[in-house]
>>> print(open('data_9.txt').read())   # compact mmCIF, C-alpha atoms and all ligand atoms
# COMPACT_ATOMS: atom_id res chain seq x y z
CA MET T 1 -82.20 -11.34 -19.92
CA ILE T 2 -79.21 -13.56 -20.69
CA ARG T 3 -79.34 -15.46 -23.99
CA SER T 4 -76.97 -18.16 -25.25
CA VAL T 5 -75.94 -17.05 -28.73
CA VAL T 6 -74.23 -19.29 -31.31
CA ARG T 7 -70.86 -17.74 -32.18
CA GLY T 8 -69.42 -20.46 -34.40
CA VAL T 9 -69.95 -23.94 -35.74
CA GLY T 10 -67.51 -26.56 -36.99
CA SER T 11 -67.26 -30.22 -37.89
CA ALA T 12 -64.89 -33.09 -38.63
CA LEU T 13 -65.30 -36.33 -40.56
CA PRO T 14 -63.09 -39.41 -40.79
CA ARG T 15 -60.97 -39.66 -43.95
CA ARG T 16 -62.51 -42.92 -45.20
CA ILE T 17 -65.81 -42.87 -47.06
CA MET T 18 -67.76 -46.14 -47.23
CA ARG T 19 -70.34 -46.26 -50.03
CA ASN T 20 -73.43 -48.49 -50.06
CA ALA T 21 -71.91 -50.71 -52.75
CA ASP T 22 -69.04 -51.49 -50.33
CA PHE T 23 -71.51 -53.52 -48.19
CA GLU T 24 -72.56 -55.72 -51.08
CA GLY T 25 -69.82 -58.33 -50.53
CA MET T 26 -70.19 -58.23 -46.71
CA VAL T 27 -73.91 -58.74 -46.07
CA GLU T 28 -76.92 -59.48 -48.27
CA THR T 29 -77.97 -55.97 -49.23
CA SER T 30 -77.90 -53.55 -52.14
CA ASP T 31 -77.35 -49.87 -52.82
CA ALA T 32 -80.95 -49.69 -54.08
CA TRP T 33 -82.40 -51.15 -50.82
CA ILE T 34 -80.38 -48.81 -48.59
CA VAL T 35 -81.22 -45.70 -50.65
CA GLN T 36 -84.91 -46.55 -50.91
CA ARG T 37 -85.39 -47.40 -47.19
CA THR T 38 -83.09 -44.77 -45.65
CA GLY T 39 -81.87 -42.18 -48.18
CA ILE T 40 -78.26 -43.00 -47.21
CA THR T 41 -75.69 -43.25 -50.04
CA GLN T 42 -72.44 -43.14 -48.03
CA ARG T 43 -71.01 -42.66 -44.54
CA HIS T 44 -67.55 -41.91 -43.07
CA ILE T 45 -65.86 -44.65 -41.03
CA ALA T 46 -63.09 -43.87 -38.53
CA ALA T 47 -59.62 -45.42 -38.90
CA ASP T 48 -57.82 -46.75 -35.80
CA ASP T 49 -56.14 -43.37 -35.22
CA GLU T 50 -59.46 -41.48 -35.47
CA THR T 51 -61.43 -41.53 -32.21
CA THR T 52 -64.34 -39.74 -30.58
CA ALA T 53 -61.74 -37.51 -28.86
CA SER T 54 -59.72 -36.71 -32.01
CA LEU T 55 -62.81 -36.01 -34.13
CA GLY T 56 -64.36 -33.98 -31.30
CA GLU T 57 -61.14 -31.98 -30.93
CA ALA T 58 -61.05 -31.22 -34.69
CA ALA T 59 -64.70 -30.12 -34.71
CA ALA T 60 -64.11 -27.98 -31.60
CA ARG T 61 -61.09 -26.27 -33.21
CA ALA T 62 -63.15 -25.54 -36.35
CA ALA T 63 -65.98 -24.05 -34.25
CA LEU T 64 -63.49 -21.93 -32.25
CA ASP T 65 -61.92 -20.66 -35.51
CA ALA T 66 -65.36 -19.76 -36.88
CA ALA T 67 -66.08 -17.86 -33.64
CA GLY T 68 -62.70 -16.09 -33.72
CA LEU T 69 -61.95 -17.52 -30.27
CA THR T 70 -59.45 -19.92 -28.67
CA ALA T 71 -59.83 -22.58 -26.01
CA GLN T 72 -58.62 -19.97 -23.48
CA ASP T 73 -61.95 -18.17 -23.97
CA ILE T 74 -64.05 -21.25 -23.09
CA ASP T 75 -65.35 -21.99 -19.55
CA LEU T 76 -67.10 -25.31 -20.14
CA ILE T 77 -67.06 -28.21 -22.61
CA VAL T 78 -70.16 -30.40 -22.88
CA LEU T 79 -69.60 -33.44 -25.06
CA ALA T 80 -72.57 -35.48 -26.22
CA THR T 81 -71.46 -39.02 -27.01
CA SER T 82 -72.40 -42.67 -26.53
CA THR T 83 -69.04 -43.85 -27.86
CA PRO T 84 -66.48 -42.43 -25.39
CA ASN T 85 -62.78 -43.20 -25.80
CA HIS T 86 -62.81 -44.87 -22.38
CA THR T 87 -65.46 -45.77 -19.81
CA PHE T 88 -63.82 -43.00 -17.79
CA PRO T 89 -62.49 -40.35 -17.55
CA ALA T 90 -65.01 -38.43 -19.64
CA THR T 91 -63.86 -37.94 -23.24
CA SER T 92 -64.66 -34.22 -22.86
CA VAL T 93 -61.78 -34.00 -20.37
CA GLU T 94 -59.49 -35.59 -22.96
CA ILE T 95 -60.66 -33.01 -25.51
CA GLN T 96 -60.05 -30.27 -22.92
CA GLU T 97 -56.46 -31.54 -22.57
CA ARG T 98 -55.99 -31.82 -26.36
CA LEU T 99 -57.14 -28.19 -26.72
CA GLY T 100 -54.55 -27.09 -24.13
CA MET T 101 -57.29 -25.85 -21.80
CA ARG T 102 -56.18 -25.91 -18.15
CA HIS T 103 -59.09 -24.01 -16.62
CA GLY T 104 -62.87 -24.40 -16.46
CA PHE T 105 -64.59 -27.77 -16.54
CA ALA T 106 -65.82 -30.46 -18.90
CA PHE T 107 -68.26 -33.34 -18.80
CA ASP T 108 -69.88 -35.90 -21.10
CA LEU T 109 -73.59 -36.25 -21.59
CA GLN T 110 -75.20 -39.45 -22.85
CA ALA T 111 -78.59 -39.33 -24.54
CA VAL T 112 -77.66 -41.33 -27.66
CA CYS T 113 -78.96 -39.67 -30.85
CA SER T 114 -80.63 -36.90 -28.82
CA GLY T 115 -77.32 -36.09 -27.12
CA PHE T 116 -76.60 -32.84 -28.96
CA VAL T 117 -80.07 -31.42 -28.34
CA TYR T 118 -79.77 -32.36 -24.64
CA ALA T 119 -76.24 -30.86 -24.51
CA VAL T 120 -77.28 -27.55 -26.09
CA THR T 121 -80.17 -27.28 -23.62
CA THR T 122 -77.83 -28.07 -20.71
CA ALA T 123 -75.21 -25.57 -21.87
CA ASP T 124 -77.90 -22.89 -22.22
CA LEU T 125 -78.91 -23.46 -18.57
CA TYR T 126 -75.27 -23.18 -17.39
CA ILE T 127 -74.94 -19.89 -19.28
CA ARG T 128 -78.25 -18.47 -18.07
CA GLY T 129 -77.50 -19.70 -14.53
CA GLY T 130 -74.24 -17.74 -14.58
CA LEU T 131 -71.87 -20.71 -14.24
CA ALA T 132 -70.29 -20.24 -17.68
CA LYS T 133 -69.97 -17.45 -20.24
CA ARG T 134 -68.75 -19.45 -23.23
CA VAL T 135 -69.43 -23.13 -23.78
CA LEU T 136 -68.16 -25.54 -26.41
CA VAL T 137 -70.98 -27.98 -27.17
CA ILE T 138 -69.71 -30.98 -29.10
CA GLY T 139 -71.39 -34.06 -30.55
CA SER T 140 -68.80 -36.69 -31.47
CA GLU T 141 -69.32 -40.37 -32.23
CA THR T 142 -67.57 -43.46 -33.55
CA PHE T 143 -70.63 -45.70 -33.87
CA SER T 144 -68.73 -47.95 -36.31
CA ARG T 145 -67.01 -49.41 -33.21
CA LEU T 146 -70.39 -50.58 -31.83
CA LEU T 147 -71.73 -52.16 -35.01
CA ASP T 148 -72.24 -55.84 -35.65
CA TRP T 149 -70.88 -55.87 -39.20
CA SER T 150 -72.74 -59.12 -39.95
CA ASP T 151 -76.16 -57.58 -39.13
CA ARG T 152 -77.45 -55.98 -42.33
CA SER T 153 -80.40 -54.37 -40.55
CA THR T 154 -78.11 -52.07 -38.53
CA CYS T 155 -74.59 -51.91 -40.03
CA VAL T 156 -75.69 -49.98 -43.13
CA LEU T 157 -77.36 -47.20 -41.14
CA PHE T 158 -74.60 -45.56 -39.09
CA GLY T 159 -71.47 -43.47 -39.63
CA ASP T 160 -68.79 -41.60 -37.65
CA GLY T 161 -68.15 -37.87 -37.27
CA ALA T 162 -68.27 -34.82 -35.03
CA GLY T 163 -69.78 -31.35 -34.95
CA ALA T 164 -69.48 -28.49 -32.47
CA ILE T 165 -70.83 -25.05 -31.67
CA VAL T 166 -69.63 -22.24 -29.42
CA LEU T 167 -72.37 -20.70 -27.28
CA GLU T 168 -71.77 -17.30 -25.63
CA ALA T 169 -73.74 -15.30 -23.08
CA ALA T 170 -75.30 -12.14 -24.55
CA ASP T 171 -77.95 -9.65 -23.47
CA GLY T 172 -81.42 -10.15 -24.92
CA GLU T 173 -84.77 -8.39 -24.60
CA GLY T 174 -86.64 -11.58 -23.74
CA THR T 175 -88.49 -11.51 -27.07
CA LEU T 176 -88.65 -13.81 -30.07
CA ALA T 177 -86.47 -11.31 -31.95
CA ASP T 178 -83.50 -12.08 -29.63
CA ARG T 179 -80.58 -14.03 -31.01
CA GLY T 180 -79.77 -17.26 -29.16
CA ILE T 181 -81.64 -20.20 -27.70
CA LEU T 182 -85.30 -19.26 -27.39
CA ALA T 183 -87.02 -22.46 -26.28
CA ALA T 184 -86.38 -26.14 -25.73
CA SER T 185 -88.27 -29.28 -24.82
CA LEU T 186 -86.76 -32.63 -23.75
CA ARG T 187 -88.36 -36.04 -23.20
CA SER T 188 -87.40 -39.63 -22.38
CA ASP T 189 -89.27 -42.88 -21.82
CA GLY T 190 -87.30 -45.89 -20.59
CA THR T 191 -90.10 -48.34 -21.33
CA HIS T 192 -88.66 -48.39 -24.87
CA LYS T 193 -85.11 -49.21 -23.74
CA GLN T 194 -84.98 -52.62 -25.47
CA LYS T 195 -85.93 -51.27 -28.91
CA LEU T 196 -82.55 -49.64 -29.50
CA TYR T 197 -79.66 -50.48 -27.19
CA VAL T 198 -76.11 -51.82 -26.89
CA ASP T 199 -75.88 -55.34 -25.47
CA GLY T 200 -72.81 -54.69 -23.32
CA GLY T 201 -71.48 -52.40 -20.61
CA PRO T 202 -69.10 -52.22 -17.63
CA SER T 203 -71.69 -53.08 -14.98
CA THR T 204 -73.33 -55.96 -16.86
CA THR T 205 -71.12 -57.85 -19.34
CA GLN T 206 -67.81 -56.01 -18.85
CA THR T 207 -67.68 -55.69 -22.64
CA VAL T 208 -68.40 -52.81 -25.00
CA GLY T 209 -71.19 -54.72 -26.79
CA HIS T 210 -72.96 -54.25 -30.10
CA LEU T 211 -75.84 -52.06 -31.19
CA ARG T 212 -79.19 -53.86 -31.40
CA MET T 213 -82.32 -52.34 -32.86
CA GLU T 214 -85.89 -53.21 -33.70
CA GLY T 215 -85.92 -50.86 -36.69
CA ARG T 216 -89.62 -51.18 -37.47
CA GLU T 217 -90.55 -50.39 -33.82
CA VAL T 218 -88.25 -47.34 -33.75
CA PHE T 219 -89.72 -46.13 -37.02
CA LYS T 220 -93.28 -46.62 -35.70
CA HIS T 221 -92.69 -44.32 -32.70
CA ALA T 222 -90.30 -41.81 -34.26
CA VAL T 223 -92.60 -39.49 -36.20
CA GLY T 224 -95.19 -39.12 -33.41
CA MET T 225 -92.57 -38.43 -30.74
CA ILE T 226 -90.66 -35.97 -32.93
CA THR T 227 -93.74 -33.99 -33.91
CA ASP T 228 -95.09 -33.92 -30.30
CA VAL T 229 -91.88 -32.47 -28.87
CA ILE T 230 -91.62 -29.95 -31.70
CA GLU T 231 -95.20 -28.79 -31.12
CA ALA T 232 -94.33 -28.35 -27.41
CA THR T 233 -91.30 -26.28 -28.43
CA PHE T 234 -93.39 -24.17 -30.81
CA ALA T 235 -95.84 -23.52 -27.94
CA ALA T 236 -92.98 -22.62 -25.55
CA GLY T 237 -91.52 -20.23 -28.13
CA GLY T 238 -94.90 -18.80 -29.17
CA ILE T 239 -94.37 -19.63 -32.85
CA THR T 240 -95.81 -21.79 -35.61
CA ALA T 241 -94.09 -23.79 -38.35
CA ASP T 242 -94.56 -20.82 -40.72
CA ASP T 243 -92.15 -18.69 -38.63
CA LEU T 244 -89.26 -21.12 -39.16
CA ASP T 245 -86.44 -20.45 -41.60
CA TRP T 246 -84.72 -23.84 -41.20
CA PHE T 247 -85.51 -27.25 -39.77
CA VAL T 248 -82.37 -29.21 -38.85
CA PRO T 249 -83.53 -32.68 -37.75
CA HIS T 250 -81.54 -35.64 -36.49
CA GLN T 251 -80.27 -37.44 -39.57
CA ALA T 252 -81.33 -41.08 -39.07
CA ASN T 253 -83.53 -41.83 -42.02
CA LYS T 254 -84.85 -39.68 -44.89
CA ARG T 255 -88.30 -41.25 -44.60
CA ILE T 256 -88.57 -40.23 -40.90
CA ILE T 257 -87.38 -36.69 -41.75
CA ASP T 258 -89.85 -36.34 -44.65
CA ALA T 259 -92.80 -37.72 -42.66
CA SER T 260 -92.06 -35.43 -39.67
CA ALA T 261 -91.71 -32.32 -41.85
CA ARG T 262 -94.92 -33.18 -43.71
CA LYS T 263 -96.88 -33.68 -40.48
CA LEU T 264 -95.62 -30.34 -39.13
CA GLY T 265 -96.28 -28.48 -42.39
CA ILE T 266 -92.61 -27.56 -42.92
CA PRO T 267 -91.85 -27.30 -46.66
CA GLU T 268 -89.07 -29.50 -48.07
CA GLU T 269 -86.92 -26.52 -49.08
CA LYS T 270 -86.58 -25.48 -45.41
CA VAL T 271 -85.32 -28.92 -44.27
CA VAL T 272 -81.56 -29.51 -43.99
CA VAL T 273 -80.75 -33.08 -45.06
CA THR T 274 -77.28 -34.63 -44.79
CA VAL T 275 -78.21 -38.25 -43.99
CA ASP T 276 -77.42 -39.13 -47.61
CA LEU T 277 -73.75 -38.24 -47.10
CA HIS T 278 -73.15 -38.98 -43.39
CA GLY T 279 -75.57 -41.78 -42.46
CA ASN T 280 -76.75 -41.70 -38.86
CA THR T 281 -73.92 -40.23 -36.75
CA SER T 282 -76.02 -40.16 -33.55
CA ALA T 283 -75.12 -37.14 -31.36
CA ALA T 284 -72.97 -35.70 -34.16
CA SER T 285 -75.72 -35.60 -36.76
CA VAL T 286 -77.38 -32.28 -35.87
CA PRO T 287 -74.15 -30.23 -35.51
CA LEU T 288 -72.77 -31.84 -38.70
CA ALA T 289 -75.93 -30.81 -40.57
CA LEU T 290 -75.76 -27.32 -39.03
CA SER T 291 -72.17 -26.98 -40.11
CA VAL T 292 -73.01 -27.90 -43.73
CA ALA T 293 -75.95 -25.46 -43.90
CA VAL T 294 -73.92 -22.60 -42.36
CA ALA T 295 -70.94 -23.26 -44.65
CA ASP T 296 -73.06 -23.25 -47.82
CA GLY T 297 -74.77 -20.01 -46.78
CA ARG T 298 -78.28 -21.36 -46.13
CA ILE T 299 -78.36 -20.60 -42.36
CA LYS T 300 -77.60 -16.91 -41.80
CA ARG T 301 -77.53 -14.54 -38.86
CA GLY T 302 -81.07 -13.79 -37.68
CA ASP T 303 -82.63 -16.99 -39.09
CA LEU T 304 -85.01 -18.96 -36.87
CA VAL T 305 -83.72 -22.55 -36.72
CA LEU T 306 -85.34 -25.62 -35.20
CA LEU T 307 -83.11 -28.51 -34.04
CA GLU T 308 -84.68 -31.89 -33.30
CA ALA T 309 -83.50 -35.37 -32.36
CA MET T 310 -84.78 -38.75 -31.23
CA GLY T 311 -82.86 -41.85 -30.22
CA GLY T 312 -82.20 -44.77 -27.89
CA GLY T 313 -83.96 -44.75 -24.53
CA PHE T 314 -86.10 -43.48 -26.08
CA THR T 315 -84.91 -39.92 -25.67
CA TRP T 316 -86.13 -37.03 -27.79
CA GLY T 317 -86.15 -33.26 -27.85
CA ALA T 318 -86.15 -30.01 -29.80
CA VAL T 319 -84.44 -26.62 -29.51
CA LEU T 320 -85.46 -23.33 -31.12
CA VAL T 321 -82.59 -20.95 -31.81
CA ARG T 322 -82.28 -17.60 -33.55
CA TRP T 323 -78.95 -17.74 -35.37
N1 LIG T 401 -80.59 -54.84 -46.98
C1 LIG T 401 -81.55 -55.62 -47.49
N2 LIG T 401 -82.59 -56.07 -46.78
C2 LIG T 401 -82.66 -55.70 -45.49
C3 LIG T 401 -81.68 -54.90 -44.89
C4 LIG T 401 -80.61 -54.48 -45.69
N3 LIG T 401 -79.62 -53.71 -45.22
N4 LIG T 401 -82.02 -54.72 -43.61
C5 LIG T 401 -83.16 -55.36 -43.40
N5 LIG T 401 -83.55 -55.97 -44.54
C6 LIG T 401 -84.74 -56.80 -44.79
C7 LIG T 401 -85.33 -57.35 -43.52
O1 LIG T 401 -84.63 -58.52 -43.12
C8 LIG T 401 -86.73 -57.62 -43.96
O2 LIG T 401 -86.75 -58.86 -44.65
P1 LIG T 401 -87.96 -59.89 -44.42
O3 LIG T 401 -89.18 -59.15 -44.87
O4 LIG T 401 -87.57 -61.03 -45.28
O5 LIG T 401 -87.96 -60.17 -42.96
C9 LIG T 401 -87.02 -56.54 -44.96
O6 LIG T 401 -85.76 -56.00 -45.34
C10 LIG T 401 -87.88 -55.42 -44.41
O7 LIG T 401 -87.37 -55.08 -43.13
P2 LIG T 401 -87.98 -53.93 -42.27
O8 LIG T 401 -87.24 -53.82 -41.00
O9 LIG T 401 -89.47 -54.06 -42.22
O10 LIG T 401 -87.63 -52.71 -43.23
P3 LIG T 401 -88.07 -51.23 -43.05
O11 LIG T 401 -88.76 -50.74 -44.25
O12 LIG T 401 -88.70 -50.99 -41.71
O13 LIG T 401 -86.64 -50.51 -43.05
C11 LIG T 401 -85.15 -49.60 -41.40
C12 LIG T 401 -85.69 -50.87 -42.07
C13 LIG T 401 -84.43 -48.78 -42.47
C14 LIG T 401 -84.18 -49.98 -40.30
C15 LIG T 401 -86.33 -48.82 -40.84
O14 LIG T 401 -87.12 -49.63 -40.02
C16 LIG T 401 -85.90 -47.64 -40.06
O15 LIG T 401 -85.35 -46.70 -40.59
N6 LIG T 401 -86.18 -47.61 -38.76
C17 LIG T 401 -85.80 -46.53 -37.94
C18 LIG T 401 -84.56 -46.91 -37.29
C19 LIG T 401 -83.54 -45.83 -37.28
O16 LIG T 401 -83.45 -44.97 -38.11
N7 LIG T 401 -82.74 -45.96 -36.28
C20 LIG T 401 -81.67 -45.11 -36.12
C21 LIG T 401 -81.44 -44.92 -34.70
S1 LIG T 401 -82.81 -44.25 -33.93
C22 LIG T 401 -82.80 -42.76 -34.39
O17 LIG T 401 -81.75 -42.25 -34.58
C23 LIG T 401 -84.11 -42.15 -34.57
>>> encode(input="data_9.txt", output="structure tokens")
Amino acid sequence: MIRSVVRGVGSALPRRIMRNADFEGMVETSDAWIVQRTGITQRHIAADDETTASLGEAAARAALDAAGLTAQDIDLIVLATSTPNHTFPATSVEIQERLGMRHGFAFDLQAVCSGFVYAVTTADLYIRGGLAKRVLVIGSETFSRLLDWSDRSTCVLFGDGAGAIVLEAADGEGTLADRGILAASLRSDGTHKQKLYVDGGPSTTQTVGHLRMEGREVFKHAVGMITDVIEATFAAGGITADDLDWFVPHQANKRIIDASARKLGIPEEKVVVTVDLHGNTSAASVPLALSVAVADGRIKRGDLVLLEAMGGGFTWGAVLVRW
């Protein structure tokens, strides 16, 4: 059977680092509060010349280099983002143009923080359905542009960045030993739409709007939803937590990550954590974390890796991949 195998991973971060202490003169907060409640110590914030398209392009180029490929080898670009450069055309098309790619097709996918997990699952279906052989899957965000910088309960949580992977069609045996995407599970529930949303949009206010969140409510639902969808993915893949080599969760909050891993019985040393350095970069968080763990040698060929995310909507999902 056809499997979608990861050939390369890459990432890009804005030049400017904003540390927790930098908020202390802006809103009533402290480094100690932010670290204790979230695990975040710093995040990268995009300058005017750094956009979702430019960061996405840089991450895509890094992933192509890692794969030993060029944009000419790619059939499809799927960009997960909630912070597009423009309402339309899709930012993926702008990235396609920046990469000098004049063939194939590109589209954006919006599932907020779950965007990358949704995009990987979508790309896998295009590959297995025969519509594409090699797909660039990118998560790129500039959430700093959506923040209300006077709201201490949200502005300290988010950061900007991008990550990308190249997926390629390969033959597999249809067993758990195959490399590539082995199982996935996606969920959404719009009854939670007011708990984490942006209060603007073309069809309502004709403005971009600001991010609004009931943090305590999100927290309350997060661990249960994350563990449910992971258990569904384990069942679909025919594995248990003991079979995993690495757990790469969405990087929103260290307490959510720790509680989810504990509930699933995944030991701390198998959990990739980058929220301390990147903050919550929404759809970019999982590929950024992947890129760190591949670069430092933790994730190696043949490892069984679980990706997970949960975000606005709510949307949530998990993907099991043999590296
Ligand atoms: N600095 C200091 N005090 C703050 C700050 C801040 N930055 N933000 C809020 N507070 C105050 C609140 O005003 C509140 O004060 P009060 O008791 O006088 O009213 C107090 O701290 C406690 O507020 P809570 O909201 O109860 O704090 P909590 O422990 O829940 O932590 C947090 C807040 C970090 C937002 C937490 O609820 C959380 O992580 N929720 C999940 C949200 C999340 O991660 N969202 C990301 C997007 S969704 C996703 O990606 C999964």
>>> residues_near_ligand(input="data_9.txt", ligand="ligand LIG 401 (chain T)", cutoff="9 Å", atoms="all atoms listed in the file", output="VMD selection string")
chain T and resid 23 27 to 34 36 to 38 112 to 114 151 to 158 196 213 to 222 250 to 256 280 to 283 309 to 312 314 316
>>> write_last_selection(input="data_9.txt", atoms="C-alpha atoms", output="mmCIF file, in the coordinates of the input")
data_model
loop_
_atom_site.group_PDB
_atom_site.id
_atom_site.type_symbol
_atom_site.label_atom_id
_atom_site.label_comp_id
_atom_site.auth_asym_id
_atom_site.auth_seq_id
_atom_site.Cartn_x
_atom_site.Cartn_y
_atom_site.Cartn_z
ATOM 1 C CA PHE T 23 -71.510 -53.520 -48.190
ATOM 2 C CA VAL T 27 -73.910 -58.740 -46.070
ATOM 3 C CA GLU T 28 -76.920 -59.480 -48.270
ATOM 4 C CA THR T 29 -77.970 -55.970 -49.230
ATOM 5 C CA SER T 30 -77.900 -53.550 -52.140
ATOM 6 C CA ASP T 31 -77.350 -49.870 -52.820
ATOM 7 C CA ALA T 32 -80.950 -49.690 -54.080
ATOM 8 C CA TRP T 33 -82.400 -51.150 -50.820
ATOM 9 C CA ILE T 34 -80.380 -48.810 -48.590
ATOM 10 C CA GLN T 36 -84.910 -46.550 -50.910
ATOM 11 C CA ARG T 37 -85.390 -47.400 -47.190
ATOM 12 C CA THR T 38 -83.090 -44.770 -45.650
ATOM 13 C CA VAL T 112 -77.660 -41.330 -27.660
ATOM 14 C CA CYS T 113 -78.960 -39.670 -30.850
ATOM 15 C CA SER T 114 -80.630 -36.900 -28.820
ATOM 16 C CA ASP T 151 -76.160 -57.580 -39.130
ATOM 17 C CA ARG T 152 -77.450 -55.980 -42.330
ATOM 18 C CA SER T 153 -80.400 -54.370 -40.550
ATOM 19 C CA THR T 154 -78.110 -52.070 -38.530
ATOM 20 C CA CYS T 155 -74.590 -51.910 -40.030
ATOM 21 C CA VAL T 156 -75.690 -49.980 -43.130
ATOM 22 C CA LEU T 157 -77.360 -47.200 -41.140
ATOM 23 C CA PHE T 158 -74.600 -45.560 -39.090
ATOM 24 C CA LEU T 196 -82.550 -49.640 -29.500
ATOM 25 C CA MET T 213 -82.320 -52.340 -32.860
ATOM 26 C CA GLU T 214 -85.890 -53.210 -33.700
ATOM 27 C CA GLY T 215 -85.920 -50.860 -36.690
ATOM 28 C CA ARG T 216 -89.620 -51.180 -37.470
ATOM 29 C CA GLU T 217 -90.550 -50.390 -33.820
ATOM 30 C CA VAL T 218 -88.250 -47.340 -33.750
ATOM 31 C CA PHE T 219 -89.720 -46.130 -37.020
ATOM 32 C CA LYS T 220 -93.280 -46.620 -35.700
ATOM 33 C CA HIS T 221 -92.690 -44.320 -32.700
ATOM 34 C CA ALA T 222 -90.300 -41.810 -34.260
ATOM 35 C CA HIS T 250 -81.540 -35.640 -36.490
ATOM 36 C CA GLN T 251 -80.270 -37.440 -39.570
ATOM 37 C CA ALA T 252 -81.330 -41.080 -39.070
ATOM 38 C CA ASN T 253 -83.530 -41.830 -42.020
ATOM 39 C CA LYS T 254 -84.850 -39.680 -44.890
ATOM 40 C CA ARG T 255 -88.300 -41.250 -44.600
ATOM 41 C CA ILE T 256 -88.570 -40.230 -40.900
ATOM 42 C CA ASN T 280 -76.750 -41.700 -38.860
ATOM 43 C CA THR T 281 -73.920 -40.230 -36.750
ATOM 44 C CA SER T 282 -76.020 -40.160 -33.550
ATOM 45 C CA ALA T 283 -75.120 -37.140 -31.360
ATOM 46 C CA ALA T 309 -83.500 -35.370 -32.360
ATOM 47 C CA MET T 310 -84.780 -38.750 -31.230
ATOM 48 C CA GLY T 311 -82.860 -41.850 -30.220
ATOM 49 C CA GLY T 312 -82.200 -44.770 -27.890
ATOM 50 C CA PHE T 314 -86.100 -43.480 -26.080
ATOM 51 C CA TRP T 316 -86.130 -37.030 -27.790
#
>>> closest_residue(input="data_9.txt", among="T:Glu94, T:Asp178, T:Asp48, T:Asp189", to="Trp323 of chain T", atoms="all atoms listed in the file")
T:Asp178
>>> closest_residue(input="data_9.txt", among="T:Ala12, T:Leu320, T:Ala106, T:Ile299", to="Ser140 of chain T", atoms="all atoms listed in the file")
T:Ala12
>>> residues_around(input="data_9.txt", residues="Leu307 of chain T", least_positions_apart="4", cutoff="10 Å", atoms="all atoms listed in the file", output="PyMOL selection string")
chain T and resi 116-117+120+184+230+246-250+286-287+289-290+317-321
>>> atom_distance(input="data_9.txt", atom1="atom CA of Arg212 of chain T", atom2="atom CA of Tyr197 of chain T")
5.4 Å
>>> closest_residue(input="data_9.txt", among="T:Ser150, T:Thr274, T:Thr204, T:Ser291", to="Gly25 of chain T", atoms="all atoms listed in the file")
T:Ser150
>>> decode(input="data_9.txt", residues="segment 65-104 of chain T", atoms="C-alpha atoms", output="CSV table (one decimal), in the first residue's frame")
chain,number,residue,atom,x,y,z
T,65,ASP,CA,17.1,21.1,1.9
T,66,ALA,CA,16.8,18.4,4.6
T,67,ALA,CA,15.0,16.2,2.1
T,68,GLY,CA,17.5,16.9,-0.6
T,69,LEU,CA,14.7,18.2,-2.9
T,70,THR,CA,13.7,21.4,-4.6
T,71,ALA,CA,10.3,23.1,-5.1
T,72,GLN,CA,10.3,21.5,-8.6
T,73,ASP,CA,9.9,18.1,-6.9
T,74,ILE,CA,6.7,19.2,-5.0
T,75,ASP,CA,3.2,18.6,-6.4
T,76,LEU,CA,1.1,20.2,-3.6
T,77,ILE,CA,1.6,22.8,-0.7
T,78,VAL,CA,-0.8,22.6,2.2
T,79,LEU,CA,-0.4,25.5,4.6
T,80,ALA,CA,-2.0,25.4,8.0
T,81,THR,CA,-2.5,29.0,9.3
T,82,SER,CA,-5.1,31.2,11.0
T,83,THR,CA,-3.0,34.3,10.3
T,84,PRO,CA,-2.8,34.6,6.5
T,85,ASN,CA,-1.0,37.5,4.8
T,86,HIS,CA,-4.3,38.4,3.1
T,87,THR,CA,-7.9,37.3,3.3
T,88,PHE,CA,-7.3,35.9,-0.1
T,89,PRO,CA,-5.5,34.6,-2.2
T,90,ALA,CA,-4.4,31.8,0.0
T,91,THR,CA,-0.9,32.4,1.6
T,92,SER,CA,0.1,29.0,0.4
T,93,VAL,CA,-0.1,30.3,-3.2
T,94,GLU,CA,2.2,33.2,-2.2
T,95,ILE,CA,4.6,30.7,-0.8
T,96,GLN,CA,4.4,28.7,-4.0
T,97,GLU,CA,5.3,31.8,-5.9
T,98,ARG,CA,8.2,32.7,-3.5
T,99,LEU,CA,9.5,29.2,-4.0
T,100,GLY,CA,9.5,29.7,-7.8
T,101,MET,CA,7.0,26.8,-8.2
T,102,ARG,CA,4.9,27.2,-11.4
T,103,HIS,CA,3.2,23.8,-11.4
T,104,GLY,CA,1.0,21.8,-9.0
